[in-house]
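Asks: Okay, handing you the structure first.
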Amino acid sequence: MSRIYNFAAGPAVLPLEVLQEAQKNLVDYKGCGMSVMEMSHRGKDYDAIHQEAIATFKELCGLNDDWAVCFIQGGASLQFAMIPLNFLGKDQVADYVKSGTWGGKAVKEAQKIGTVNIAADCQKDIPTRQPDADEFKWTPGAVYSHICTNETISGAEIKEIPETGSPLIGDMSSDILSCPRDYTKFTMFYAGAQKNLGPSGMAVVAIRKEFAEKGNASLPTMLQYRTFVDENSLYNTPPTWGIYIFGETMKWVKKMGKENLFKLNAEKAKKIYDVIDSTEFYRGTAKKEFRSNMNVTWRLPTEELEAQFVAEAKKLGMGSLKGHRSVGGIRASIYNAFPMEGVDALVAFMKDFEKKNG
Ligand SMILES: Cc1ncc(COP(=O)(O)O)c(C=O)c1O
């Protein structure tokens, strides 16, 4: 086995068990005589995969029948546009939080469609952070409010979900099912699948059915949430393989025990933050109270040392530690499937690197 410790932000590491199960079934899915990739999305074998994936996800998030789970191509980025297209009408206002690159991108798309109030803005702050609870300025009567619960690039995560006074929508692309959250506080939440959920190629969107019904009915069919809700994401041909791996990944989360995973996630992140805090050599990028347990970000004294750190780690089998091109530095993405041994290897390397170069 020659798998590396993959610290990539997304597409990212998937549970090895899930990959092996998929490999086992790749050419002949459980005796069907064909791959999941080859079967009709209208047939009973695929239907069972589709329904189970949705049911497992709903169970893990604690969602009842008021909710629909949709698989929508175009990633989380299309959600930035679909949300205002559906819900932000003329003479209406939506509240948005600019908490980083992704929150900012959501704002840009919404501004193309309608009136946006920036409820809080810390997009450019260094150390990176999320807004403090008393900083938000919500608009009475806003049609919805939008937050990004974890800014993947800056490594800043919301710890307390704010009370916004309007239907709350969350971009949870990089921290969905990674820590305890009350998902029912939201009216809708979504995630690009390629981090904690499965392969890239779709967003998983959970939406209250009643809210989906309020969407703009004059949009093209494939841009309306109600199409995905009413047709159970089978109006067109869905990304069947991605949905299969998503379902397997959800079963893996269930098997591991989500509370157990949440605890492990906190422990993994703490090990890295403890090294950062033990020295002046490493500087955490995010403000302590908003530190992400999924994307740990930090700097070294110089960009040359950062490049050297990434290159030497790579030689030791630790890949994709380079920070996002827009901010530099180092980023260790340690999603649910990232193993503790990989964190231990990184921590040992960080200590050794400082000894030699500090
Ligand atoms: C928080 C967040 N939102 C949105 C996106 C965009 O996702 P996609 O590439 O699926 O469009 C990303 C991608 O990394 C992300 O991390």
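By convention here, the chains of the structure tokens are called A, B, ... in the order presented, each chain's residues are numbered starting at 1, and ligands are numbered starting at 1 in the order presented.
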Any residue with an atom at most 10 Å from ligand 1 counts, using only C-alpha atoms and all ligand atoms. Which are they? Put them as a compact mmCIF listing (two decimals) with C-alpha atoms, in the first residue's frame.
Replies:
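In the end it all went to pocket.txt:
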```
# COMPACT_ATOMS: atom_id res chain seq x y z
CA ALA A 9 -8.51 20.68 1.21
CA GLY A 10 -10.72 19.04 -1.40
CA PRO A 11 -10.98 16.73 -3.18
CA GLN A 73 -24.30 19.36 -9.77
CA GLY A 74 -22.21 22.51 -10.01
CA GLY A 75 -20.71 22.18 -6.52
CA ALA A 76 -21.14 24.65 -3.70
CA SER A 77 -20.36 27.44 -6.17
CA LEU A 78 -23.62 26.93 -8.05
CA GLN A 79 -25.43 27.16 -4.70
CA PHE A 80 -24.03 30.69 -4.32
CA GLY A 100 -13.61 34.90 4.26
CA THR A 101 -13.10 33.99 0.62
CA TRP A 102 -16.12 31.69 0.43
CA GLY A 103 -18.53 33.92 2.31
CA GLY A 104 -17.30 36.71 0.02
CA LYS A 105 -17.93 34.68 -3.13
CA ALA A 106 -21.48 33.96 -2.00
CA ILE A 147 -23.25 32.19 6.65
CA CYS A 148 -20.22 30.04 5.89
CA THR A 149 -19.67 27.91 8.97
CA ASN A 150 -16.06 27.09 8.16
CA GLU A 151 -13.82 29.17 5.92
CA THR A 152 -11.67 26.50 4.33
CA ILE A 153 -8.91 28.84 3.18
CA SER A 154 -8.41 30.93 6.30
CA GLY A 155 -9.15 28.13 8.75
CA GLU A 157 -14.90 28.30 11.96
CA GLY A 170 -25.31 27.67 5.81
CA ASP A 171 -22.44 26.84 3.51
CA MET A 172 -20.98 23.88 5.43
CA SER A 173 -18.76 22.61 2.66
CA SER A 174 -15.75 22.02 4.87
CA ASP A 175 -17.19 21.24 8.29
CA ILE A 176 -20.41 19.32 7.69
CA TYR A 190 -25.28 22.64 1.78
CA ALA A 191 -21.81 21.33 1.11
CA GLY A 192 -19.64 20.62 -1.88
CA ALA A 193 -19.25 16.86 -1.44
CA GLN A 194 -15.50 16.66 -1.95
CA LYS A 195 -14.38 17.07 1.67
CA SER A 200 -16.35 15.97 -6.13
CA GLY A 201 -19.08 16.60 -8.67
CA MET A 202 -22.09 17.70 -6.66
CA ALA A 203 -23.37 19.63 -3.71
CA VAL A 204 -25.45 17.90 -1.09
CA ASN A 295 -8.44 23.23 8.19
CA HIS A 324 -4.26 28.18 -0.60
```
Asks: Identify, on the basis of only C-alpha atoms, every residue whose closest approach to A:Pro140 does not exceed 12 Å; exclude the query and any residue fewer than 3 positions from it along the same chain; express the result as a PyMOL selection string.
Replies: chain A and resi 92-95+117+119+137+143-145+164-167
Asks: When distances are computed from only C-alpha atoms, which of A:Ile245, A:Val97, A:Ile161, A:Leu63 shows the smallest separation from A:Val36?
Replies: A:Ile245
Asks: Using only C-alpha atoms, which of the listed residues (A:Glu303, A:Val69, A:Val18, A:Gly329) sits closest to A:Glu231?
Replies: A:Val69
Asks: Among stretch 287-319 of chain A, which ones does DSSP place in strand (DSSP E), written as a PyMOL selection string?
Replies: chain A and resi 295-299+318-319
Asks: Hey, can you check how far atom CA of A:Ile54 sits from atom CA of A:Tyr235?
Replies: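 Those two atoms sit 16.0 Å apart.
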Asks: Point out the residue among A:Ala142, A:Leu14, A:Leu60, A:Met222 with the least atom-to-atom distance to A:Arg181, counting only C-alpha atoms.
Replies: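 Looking at the shortest contact to A:Arg181, the residue is A:Leu60.
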Asks: Go through stretch 211-341 of chain A and collect every residue that DSSP, computed from the backbone, puts in alpha helix (DSSP H); the answer should be as a VMD selection string.
Replies: chain A and resid 211 to 213 225 to 230 240 to 256 258 to 277 303 to 315 340 to 341
Asks: Show which residues sit within 8 Å of stretch 290-293 of chain A, as number ranges by chain. Count only C-alpha atoms, and ignore same-chain residues fewer than 5 positions away.
Replies: A: 129-130, 150, 155-159, 265-266, 268-270, 334
Asks: Could you write those residues out with N, CA and C atoms, as a tab-separated table (two decimals), in the first residue's frame?
Replies:
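So out-v6.tsv came out as:
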```
chain	number	residue	atom	x	y	z
A	129	ARG	N	-10.68	35.21	11.06
A	129	ARG	CA	-11.67	34.95	12.12
A	129	ARG	C	-13.06	34.88	11.54
A	130	GLN	N	-14.02	34.58	12.41
A	130	GLN	CA	-15.44	34.73	12.11
A	130	GLN	C	-15.92	35.90	12.96
A	150	ASN	N	-17.50	27.34	8.05
A	150	ASN	CA	-16.06	27.09	8.16
A	150	ASN	C	-15.38	27.61	6.89
A	155	GLY	N	-9.15	29.00	7.58
A	155	GLY	CA	-9.15	28.13	8.75
A	155	GLY	C	-9.89	28.73	9.94
A	156	ALA	N	-11.00	29.46	9.65
A	156	ALA	CA	-11.80	30.07	10.72
A	156	ALA	C	-13.21	29.48	10.70
A	157	GLU	N	-13.64	29.03	11.87
A	157	GLU	CA	-14.90	28.30	11.96
A	157	GLU	C	-15.84	28.96	12.99
A	158	ILE	N	-17.11	29.03	12.64
A	158	ILE	CA	-18.12	29.54	13.60
A	158	ILE	C	-18.34	28.48	14.67
A	159	LYS	N	-18.27	28.88	15.92
A	159	LYS	CA	-18.48	27.90	16.99
A	159	LYS	C	-19.94	27.91	17.46
A	265	ASN	N	-11.86	14.36	15.84
A	265	ASN	CA	-11.53	15.56	15.08
A	265	ASN	C	-10.93	16.64	15.98
A	266	ALA	N	-11.56	16.82	17.15
A	266	ALA	CA	-11.07	17.84	18.08
A	266	ALA	C	-9.67	17.47	18.57
A	268	LYS	N	-7.43	15.59	17.00
A	268	LYS	CA	-6.46	15.73	15.90
A	268	LYS	C	-6.02	17.18	15.77
A	269	ALA	N	-7.01	18.08	15.74
A	269	ALA	CA	-6.68	19.50	15.56
A	269	ALA	C	-5.86	20.02	16.73
A	270	LYS	N	-6.23	19.59	17.94
A	270	LYS	CA	-5.53	20.10	19.14
A	270	LYS	C	-4.05	19.75	19.11
A	334	ILE	N	-7.72	18.27	7.73
A	334	ILE	CA	-7.81	16.98	8.44
A	334	ILE	C	-9.28	16.63	8.64
```
